[in-house]
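Printed here is start-v1.cif (mmCIF, C-alpha atoms; chains and numbers go by the auth columns):
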```cif
data_entry
#
loop_
_atom_site.group_PDB
_atom_site.id
_atom_site.type_symbol
_atom_site.label_atom_id
_atom_site.label_comp_id
_atom_site.label_asym_id
_atom_site.label_seq_id
_atom_site.Cartn_x
_atom_site.Cartn_y
_atom_site.Cartn_z
_atom_site.B_iso_or_equiv
_atom_site.auth_seq_id
_atom_site.auth_asym_id
ATOM 1 C CA MET A 1 94.403 119.777 121.252 0.00 92 W
ATOM 2 C CA MET A 2 94.180 116.216 122.580 0.00 93 W
ATOM 3 C CA MET A 3 91.063 115.507 120.497 0.00 94 W
ATOM 4 C CA LYS A 4 92.988 116.686 117.425 0.00 95 W
ATOM 5 C CA ALA A 5 95.714 114.124 118.170 0.00 96 W
ATOM 6 C CA ILE A 6 93.203 111.328 118.731 0.00 97 W
ATOM 7 C CA ALA A 7 91.304 112.211 115.550 0.00 98 W
ATOM 8 C CA SER A 8 94.604 112.096 113.667 0.00 99 W
ATOM 9 C CA VAL A 9 95.388 108.670 115.139 0.00 100 W
ATOM 10 C CA VAL A 10 92.012 107.274 114.034 0.00 101 W
ATOM 11 C CA LEU A 11 92.441 108.663 110.528 0.00 102 W
ATOM 12 C CA ALA A 12 96.029 107.410 110.408 0.00 103 W
ATOM 13 C CA LEU A 13 94.805 103.962 111.407 0.00 104 W
ATOM 14 C CA ALA A 14 92.354 104.041 108.537 0.00 105 W
ATOM 15 C CA LEU A 15 94.995 105.134 106.054 0.00 106 W
ATOM 16 C CA GLY A 16 97.759 103.081 107.649 0.00 107 W
ATOM 17 C CA GLY A 17 95.551 100.012 107.600 0.00 108 W
ATOM 18 C CA VAL A 18 94.933 100.528 103.902 0.00 109 W
ATOM 19 C CA SER A 19 98.644 100.817 103.125 0.00 110 W
ATOM 20 C CA GLU A 20 99.429 97.765 105.272 0.00 111 W
ATOM 21 C CA VAL A 21 96.825 95.761 103.370 0.00 112 W
ATOM 22 C CA ALA A 22 98.198 96.933 100.039 0.00 113 W
ATOM 23 C CA ALA A 23 101.739 96.121 101.102 0.00 114 W
ATOM 24 C CA TYR A 24 100.667 92.641 102.120 0.00 115 W
ATOM 25 C CA THR A 25 98.725 91.988 98.934 0.00 116 W
ATOM 26 C CA THR A 26 101.636 93.094 96.732 0.00 117 W
ATOM 27 C CA SER A 27 104.259 91.116 98.623 0.00 118 W
ATOM 28 C CA THR A 28 105.683 87.983 97.054 0.00 119 W
ATOM 29 C CA THR A 29 107.258 86.846 100.306 0.00 120 W
ATOM 30 C CA PRO A 30 105.418 85.393 103.285 0.00 121 W
ATOM 31 C CA PRO A 31 104.563 87.810 106.096 0.00 122 W
ATOM 32 C CA ARG A 32 107.391 88.393 108.519 0.00 123 W
ATOM 33 C CA ALA A 33 107.061 87.286 112.107 0.00 124 W
ATOM 34 C CA ARG A 34 105.872 90.250 114.108 0.00 125 W
ATOM 35 C CA ALA A 35 107.858 91.348 117.130 0.00 126 W
ATOM 36 C CA ALA A 36 106.197 91.543 120.518 0.00 127 W
ATOM 37 C CA PRO A 37 104.807 94.998 121.340 0.00 128 W
ATOM 38 C CA LEU A 38 107.359 97.241 122.991 0.00 129 W
ATOM 39 C CA LYS A 39 106.625 98.820 126.338 0.00 130 W
ATOM 40 C CA MET A 40 107.331 102.483 125.747 0.00 131 W
ATOM 41 C CA GLY A 41 108.077 103.560 129.319 0.00 132 W
ATOM 42 C CA VAL A 42 104.434 103.798 130.331 0.00 133 W
ATOM 43 C CA SER A 43 102.208 101.675 132.479 0.00 134 W
ATOM 44 C CA HIS A 44 100.717 98.421 131.201 0.00 135 W
ATOM 45 C CA SER A 45 97.266 99.994 130.825 0.00 136 W
ATOM 46 C CA GLN A 46 98.735 102.708 128.589 0.00 137 W
ATOM 47 C CA TRP A 47 100.353 100.419 126.017 0.00 138 W
ATOM 48 C CA VAL A 48 98.174 97.312 126.052 0.00 139 W
ATOM 49 C CA GLY A 49 95.416 99.014 123.995 0.00 140 W
ATOM 50 C CA PRO A 50 97.684 100.124 121.144 0.00 141 W
ATOM 51 C CA ALA A 51 99.482 96.776 121.316 0.00 142 W
ATOM 52 C CA ALA A 52 96.160 94.963 121.022 0.00 143 W
ATOM 53 C CA ALA A 53 95.193 97.181 118.092 0.00 144 W
ATOM 54 C CA SER A 54 98.474 96.399 116.355 0.00 145 W
ATOM 55 C CA ALA A 55 98.098 92.685 117.028 0.00 146 W
ATOM 56 C CA ALA A 56 94.520 92.672 115.749 0.00 147 W
ATOM 57 C CA ALA A 57 95.503 94.562 112.600 0.00 148 W
ATOM 58 C CA ALA A 58 98.469 92.241 112.010 0.00 149 W
ATOM 59 C CA ALA A 59 96.248 89.196 112.477 0.00 150 W
ATOM 60 C CA LEU A 60 93.729 90.523 109.972 0.00 151 W
ATOM 61 C CA ILE A 61 96.362 91.506 107.456 0.00 152 W
ATOM 62 C CA SER A 62 98.372 88.308 107.680 0.00 153 W
ATOM 63 C CA SER A 63 95.365 85.988 107.634 0.00 154 W
ATOM 64 C CA ALA A 64 94.466 84.402 104.333 0.00 155 W
ATOM 65 C CA GLN A 65 91.915 86.479 102.453 0.00 156 W
ATOM 66 C CA PRO A 66 89.459 84.801 100.109 0.00 157 W
ATOM 67 C CA ALA A 67 90.294 85.183 96.429 0.00 158 W
ATOM 68 C CA TYR A 68 87.366 87.561 95.987 0.00 159 W
ATOM 69 C CA ALA A 69 88.457 89.910 98.802 0.00 160 W
ATOM 70 C CA THR A 70 89.372 93.398 97.666 0.00 161 W
ATOM 71 C CA ILE A 71 91.730 95.930 99.176 0.00 162 W
ATOM 72 C CA GLU A 72 88.638 97.908 100.209 0.00 163 W
ATOM 73 C CA GLU A 73 87.113 94.940 102.065 0.00 164 W
ATOM 74 C CA ALA A 74 90.391 94.281 103.864 0.00 165 W
ATOM 75 C CA ALA A 75 90.765 97.974 104.772 0.00 166 W
ATOM 76 C CA ILE A 76 87.237 98.058 106.199 0.00 167 W
ATOM 77 C CA LYS A 77 88.015 94.964 108.297 0.00 168 W
ATOM 78 C CA VAL A 78 91.119 96.666 109.708 0.00 169 W
ATOM 79 C CA VAL A 79 89.118 99.818 110.547 0.00 170 W
ATOM 80 C CA ASP A 80 86.250 97.850 112.085 0.00 171 W
ATOM 81 C CA THR A 81 88.701 95.933 114.275 0.00 172 W
ATOM 82 C CA THR A 82 90.894 98.809 115.428 0.00 173 W
ATOM 83 C CA TYR A 83 88.285 101.575 115.806 0.00 174 W
ATOM 84 C CA PRO A 84 86.681 100.198 119.003 0.00 175 W
ATOM 85 C CA ILE A 85 90.108 99.774 120.562 0.00 176 W
ATOM 86 C CA VAL A 86 91.223 103.312 119.734 0.00 177 W
ATOM 87 C CA THR A 87 87.948 104.872 120.874 0.00 178 W
ATOM 88 C CA SER A 88 88.167 103.060 124.196 0.00 179 W
ATOM 89 C CA LEU A 89 91.527 104.670 125.025 0.00 180 W
ATOM 90 C CA PRO A 90 91.269 107.626 127.412 0.00 181 W
ATOM 91 C CA PRO A 91 92.944 110.726 125.920 0.00 182 W
ATOM 92 C CA LYS A 92 95.310 110.991 128.899 0.00 183 W
ATOM 93 C CA ASP A 93 96.712 107.551 128.011 0.00 184 W
ATOM 94 C CA VAL A 94 97.233 108.347 124.333 0.00 185 W
ATOM 95 C CA ALA A 95 99.512 111.388 124.742 0.00 186 W
ATOM 96 C CA PRO A 96 102.445 109.597 126.473 0.00 187 W
ATOM 97 C CA VAL A 97 102.411 106.793 123.904 0.00 188 W
ATOM 98 C CA LEU A 98 102.311 109.249 120.980 0.00 189 W
ATOM 99 C CA SER A 99 105.115 111.262 122.571 0.00 190 W
ATOM 100 C CA LYS A 100 107.299 108.170 122.914 0.00 191 W
ATOM 101 C CA ALA A 101 106.459 107.056 119.359 0.00 192 W
ATOM 102 C CA ILE A 102 107.461 110.468 117.972 0.00 193 W
ATOM 103 C CA LYS A 103 110.696 110.421 119.968 0.00 194 W
ATOM 104 C CA LEU A 104 111.431 106.933 118.653 0.00 195 W
ATOM 105 C CA GLY A 105 110.636 108.019 115.089 0.00 196 W
ATOM 106 C CA LEU A 106 113.075 110.914 115.370 0.00 197 W
ATOM 107 C CA SER A 107 115.845 108.442 116.213 0.00 198 W
ATOM 108 C CA ALA A 108 115.671 106.891 112.726 0.00 199 W
ATOM 109 C CA ASP A 109 118.559 106.970 110.291 0.00 200 W
ATOM 110 C CA PRO A 110 118.083 110.129 108.165 0.00 201 W
ATOM 111 C CA LYS A 111 119.006 108.231 104.966 0.00 202 W
ATOM 112 C CA ALA A 112 116.318 105.628 105.673 0.00 203 W
ATOM 113 C CA LEU A 113 113.796 108.404 106.314 0.00 204 W
ATOM 114 C CA VAL A 114 114.683 110.155 103.045 0.00 205 W
ATOM 115 C CA ASN A 115 114.391 106.830 101.182 0.00 206 W
ATOM 116 C CA LEU A 116 110.918 106.306 102.663 0.00 207 W
ATOM 117 C CA ILE A 117 109.855 109.839 101.702 0.00 208 W
ATOM 118 C CA ARG A 118 111.157 109.367 98.146 0.00 209 W
ATOM 119 C CA ALA A 119 109.406 106.004 97.799 0.00 210 W
ATOM 120 C CA ALA A 120 106.136 107.436 99.160 0.00 211 W
ATOM 121 C CA ASP A 121 106.427 110.402 96.790 0.00 212 W
ATOM 122 C CA ALA A 122 106.963 108.080 93.800 0.00 213 W
ATOM 123 C CA ALA A 123 103.977 105.977 94.872 0.00 214 W
ATOM 124 C CA LEU A 124 101.772 109.053 95.195 0.00 215 W
ATOM 125 C CA LEU A 125 102.852 110.248 91.754 0.00 216 W
ATOM 126 C CA SER A 126 101.909 106.865 90.281 0.00 217 W
ATOM 127 C CA THR A 127 98.392 107.089 91.742 0.00 218 W
ATOM 128 C CA ASP A 128 95.495 108.192 89.550 0.00 219 W
ATOM 129 C CA PRO A 129 95.226 111.928 90.285 0.00 220 W
ATOM 130 C CA LYS A 130 91.412 111.948 90.363 0.00 221 W
ATOM 131 C CA ALA A 131 91.306 109.086 92.874 0.00 222 W
ATOM 132 C CA LEU A 132 94.028 110.703 94.999 0.00 223 W
ATOM 133 C CA VAL A 133 92.265 114.082 95.082 0.00 224 W
ATOM 134 C CA ALA A 134 88.951 112.393 95.940 0.00 225 W
ATOM 135 C CA ALA A 135 90.624 110.531 98.823 0.00 226 W
ATOM 136 C CA LEU A 136 92.322 113.652 100.169 0.00 227 W
ATOM 137 C CA LYS A 137 89.047 115.592 100.035 0.00 228 W
ATOM 138 C CA VAL A 138 87.278 112.897 102.086 0.00 229 W
ATOM 139 C CA VAL A 139 90.140 112.805 104.615 0.00 230 W
ATOM 140 C CA ASP A 140 90.053 116.599 104.930 0.00 231 W
ATOM 141 C CA ALA A 141 86.259 116.750 105.291 0.00 232 W
ATOM 142 C CA THR A 142 86.263 113.950 107.883 0.00 233 W
ATOM 143 C CA ALA A 143 89.020 115.605 109.916 0.00 234 W
ATOM 144 C CA GLU A 144 87.347 119.014 109.770 0.00 235 W
ATOM 145 C CA LYS A 145 83.999 117.578 110.863 0.00 236 W
ATOM 146 C CA ALA A 146 85.601 115.690 113.754 0.00 237 W
ATOM 147 C CA LEU A 147 87.650 118.692 114.887 0.00 238 W
ATOM 148 C CA ALA A 148 84.612 120.985 114.737 0.00 239 W
ATOM 149 C CA LYS A 149 82.793 118.633 117.105 0.00 240 W
ATOM 150 C CA GLY A 150 85.891 118.139 119.265 0.00 241 W
ATOM 151 C CA ALA A 151 85.441 114.399 119.020 0.00 242 W
ATOM 152 C CA LEU A 152 86.617 111.386 117.121 0.00 243 W
ATOM 153 C CA PRO A 153 85.063 110.877 113.715 0.00 244 W
ATOM 154 C CA PRO A 154 82.222 108.332 113.701 0.00 245 W
ATOM 155 C CA LEU A 155 83.012 104.814 112.510 0.00 246 W
ATOM 156 C CA ALA A 156 81.053 105.379 109.281 0.00 247 W
ATOM 157 C CA ASP A 157 83.264 108.366 108.434 0.00 248 W
ATOM 158 C CA VAL A 158 86.473 106.429 109.149 0.00 249 W
ATOM 159 C CA GLU A 159 85.174 103.590 106.982 0.00 250 W
ATOM 160 C CA GLY A 160 84.495 106.176 104.270 0.00 251 W
ATOM 161 C CA VAL A 161 88.113 107.313 104.495 0.00 252 W
ATOM 162 C CA ALA A 162 89.282 103.699 104.234 0.00 253 W
ATOM 163 C CA LYS A 163 87.077 103.138 101.164 0.00 254 W
ATOM 164 C CA VAL A 164 88.311 106.130 99.183 0.00 255 W
ATOM 165 C CA ALA A 165 91.902 105.602 100.298 0.00 256 W
ATOM 166 C CA SER A 166 91.760 101.965 99.173 0.00 257 W
ATOM 167 C CA SER A 167 90.213 103.047 95.861 0.00 258 W
ATOM 168 C CA ALA A 168 93.106 105.437 95.313 0.00 259 W
ATOM 169 C CA LEU A 169 95.615 102.843 96.457 0.00 260 W
ATOM 170 C CA ALA A 170 94.208 100.342 93.986 0.00 261 W
ATOM 171 C CA THR A 171 95.358 102.684 91.199 0.00 262 W
ATOM 172 C CA THR A 172 98.897 102.972 92.583 0.00 263 W
ATOM 173 C CA ASP A 173 101.714 101.128 90.823 0.00 264 W
ATOM 174 C CA LYS A 174 102.193 97.898 92.824 0.00 265 W
ATOM 175 C CA ALA A 175 105.984 98.059 92.425 0.00 266 W
ATOM 176 C CA LYS A 176 105.930 101.535 94.002 0.00 267 W
ATOM 177 C CA VAL A 177 103.835 100.251 96.922 0.00 268 W
ATOM 178 C CA LYS A 178 106.365 97.484 97.442 0.00 269 W
ATOM 179 C CA GLU A 179 109.192 100.059 97.431 0.00 270 W
ATOM 180 C CA VAL A 180 107.368 102.022 100.157 0.00 271 W
ATOM 181 C CA THR A 181 106.942 98.843 102.188 0.00 272 W
ATOM 182 C CA ASN A 182 110.624 97.928 101.860 0.00 273 W
ATOM 183 C CA ALA A 183 111.681 101.482 102.768 0.00 274 W
ATOM 184 C CA ALA A 184 109.397 101.434 105.827 0.00 275 W
ATOM 185 C CA ILE A 185 110.878 98.116 106.951 0.00 276 W
ATOM 186 C CA SER A 186 114.378 99.534 106.492 0.00 277 W
ATOM 187 C CA LEU A 187 113.404 102.628 108.482 0.00 278 W
ATOM 188 C CA THR A 188 112.057 100.609 111.404 0.00 279 W
ATOM 189 C CA GLY A 189 115.299 98.631 111.450 0.00 280 W
ATOM 190 C CA SER A 190 117.250 101.875 111.871 0.00 281 W
ATOM 191 C CA LEU A 191 115.326 103.072 114.942 0.00 282 W
ATOM 192 C CA ASP A 192 117.227 103.468 118.198 0.00 283 W
ATOM 193 C CA LYS A 193 115.833 100.626 120.291 0.00 284 W
ATOM 194 C CA PHE A 194 117.215 102.285 123.426 0.00 285 W
ATOM 195 C CA GLN A 195 114.722 105.148 122.969 0.00 286 W
ATOM 196 C CA VAL A 196 111.971 102.695 123.905 0.00 287 W
ATOM 197 C CA GLY A 197 111.215 102.386 127.585 0.00 288 W
#
```
Whole structure given in structure tokens:
Amino acid sequence: MMMKAIASVVLALALGGVSEVAAYTTSTTPPRARAAPLKMGVSHSQWVGPAAASAAAAALISSAQPAYATIEEAAIKVVDTTYPIVTSLPPKDVAPVLSKAIKLGLSADPKALVNLIRAADAALLSTDPKALVAALKVVDATAEKALAKGALPPLADVEGVAKVASSALATTDKAKVKEVTNAAISLTGSLDKFQVG
């Protein structure tokens, strides 16, 4: 059960990293200042790893990319940076953080959550169906392989997920990606900050 959660986190990082990169590349405003990581009621050793992963991903995403950089290259950089951090976390330290994150997520304003779901749905519908199906097949195969072994997927598999996800994302309407980003920002603003800690 715990390995399933960790495998999901690694795959979410790959896909989340891709969407963060796309959101950044479609934004016309400068990146927002990132808040300090929140201590979620667990010991320092339990939250410093995820905080470092978030900081590393934010640094990669907000750093200037060369004009020739693609979404795929940026997604691979995010995966290559965060994967070692995630794999170094002991499973017993991941569960309390995930539990707190889920509890925090459930404190969101329902309207903001529905807006995010609608925006994500519109973005998915604007994606090339062949690219989307190809990405979902790779995600499914990677997750199945990892779960069958009871371990995290290898870095090469996570990079493969990032590649196909970024290929699909490249076909998504940029305005729809921006709507998802704005809805996600609105959702995070509606979270109950008192649930943290």
Env of W:Ser217: 12 Å cut, atoms = only C-alpha atoms, seq-sep filter 5 positions within chain, self excluded. Answer as number ranges by chain.
W: 210-212, 222-223, 259-268
Next, the residues of the selection above should be written as a PDB file, in the coordinates of the input with C-alpha atoms.
```pdb
ATOM      1  CA  ALA W 210     109.406 106.004  97.799  1.00  0.00           C
ATOM      2  CA  ALA W 211     106.136 107.436  99.160  1.00  0.00           C
ATOM      3  CA  ASP W 212     106.427 110.402  96.790  1.00  0.00           C
ATOM      4  CA  ALA W 222      91.306 109.086  92.874  1.00  0.00           C
ATOM      5  CA  LEU W 223      94.028 110.703  94.999  1.00  0.00           C
ATOM      6  CA  ALA W 259      93.106 105.437  95.313  1.00  0.00           C
ATOM      7  CA  LEU W 260      95.615 102.843  96.457  1.00  0.00           C
ATOM      8  CA  ALA W 261      94.208 100.342  93.986  1.00  0.00           C
ATOM      9  CA  THR W 262      95.358 102.684  91.199  1.00  0.00           C
ATOM     10  CA  THR W 263      98.897 102.972  92.583  1.00  0.00           C
ATOM     11  CA  ASP W 264     101.714 101.128  90.823  1.00  0.00           C
ATOM     12  CA  LYS W 265     102.193  97.898  92.824  1.00  0.00           C
ATOM     13  CA  ALA W 266     105.984  98.059  92.425  1.00  0.00           C
ATOM     14  CA  LYS W 267     105.930 101.535  94.002  1.00  0.00           C
ATOM     15  CA  VAL W 268     103.835 100.251  96.922  1.00  0.00           C
TER      16      VAL W 268
END
```
To verify the selection step, state as a ChimeraX atom specification which residues the PyMOL selection byres ((chain W and resi 271) around 9) yields on this input.
/W:114,206-211,213-214,266-270,272-276
Export of prior selection with C-alpha atoms as a compact mmCIF listing (two decimals), in the coordinates of the input:
```txt
# COMPACT_ATOMS: atom_id res chain seq x y z
CA ALA W 114 101.74 96.12 101.10
CA ASN W 206 114.39 106.83 101.18
CA LEU W 207 110.92 106.31 102.66
CA ILE W 208 109.86 109.84 101.70
CA ARG W 209 111.16 109.37 98.15
CA ALA W 210 109.41 106.00 97.80
CA ALA W 211 106.14 107.44 99.16
CA ALA W 213 106.96 108.08 93.80
CA ALA W 214 103.98 105.98 94.87
CA ALA W 266 105.98 98.06 92.42
CA LYS W 267 105.93 101.54 94.00
CA VAL W 268 103.84 100.25 96.92
CA LYS W 269 106.36 97.48 97.44
CA GLU W 270 109.19 100.06 97.43
CA THR W 272 106.94 98.84 102.19
CA ASN W 273 110.62 97.93 101.86
CA ALA W 274 111.68 101.48 102.77
CA ALA W 275 109.40 101.43 105.83
CA ILE W 276 110.88 98.12 106.95
```
Using the chain letters and numbers from the file, give me the residues hit by the PyMOL selection byres ((chain W and resi 163) around 7), as a list in words.
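Given this file, the PyMOL selection byres ((chain W and resi 163) around 7) evaluates to Thr161, Ile162, Glu164, Ala165, Ala166, Ile167, Lys254, Ser257 and Ser258 of chain W.
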Test item: the PyMOL selection byres ((chain W and resi 200) around 8) resolved as an NGL selection string
:W and (198-199 or 201-204 or 278 or 281-282)
Figure out the distance between atom CA of W:Lys191 and atom CA of W:Leu238, please, to one decimal in Å.
23.7 Å
Which distance in Å separates atom CA of W:Ala242 and atom CA of W:Ser179, to one decimal?
12.8 Å
Identify, on the basis of all atoms listed in the file, every residue whose closest approach to W:Val229 does not exceed 10 Å; exclude the query and any residue fewer than 3 positions from it along the same chain; express the result as a VMD selection string.
chain W and resid 224 to 226 232 to 235 248 to 249 251 to 256
Could you tell me how far atom CA of W:Thr172 sits from atom CA of W:Val230, in Å to one decimal place?
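That distance, rounded to one decimal, is 19.5 Å.
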Let me have the centre and edge lengths in Å, one decimal, of the box along x, y and z around every listed atom of stretch 230-240 of chain W with 3 Å of margin on each side, as AutoDock Vina command-line options.
```
--center_x 86.5 --center_y 116.9 --center_z 110.9 --size_x 13.3 --size_y 14.2 --size_z 18.5
```
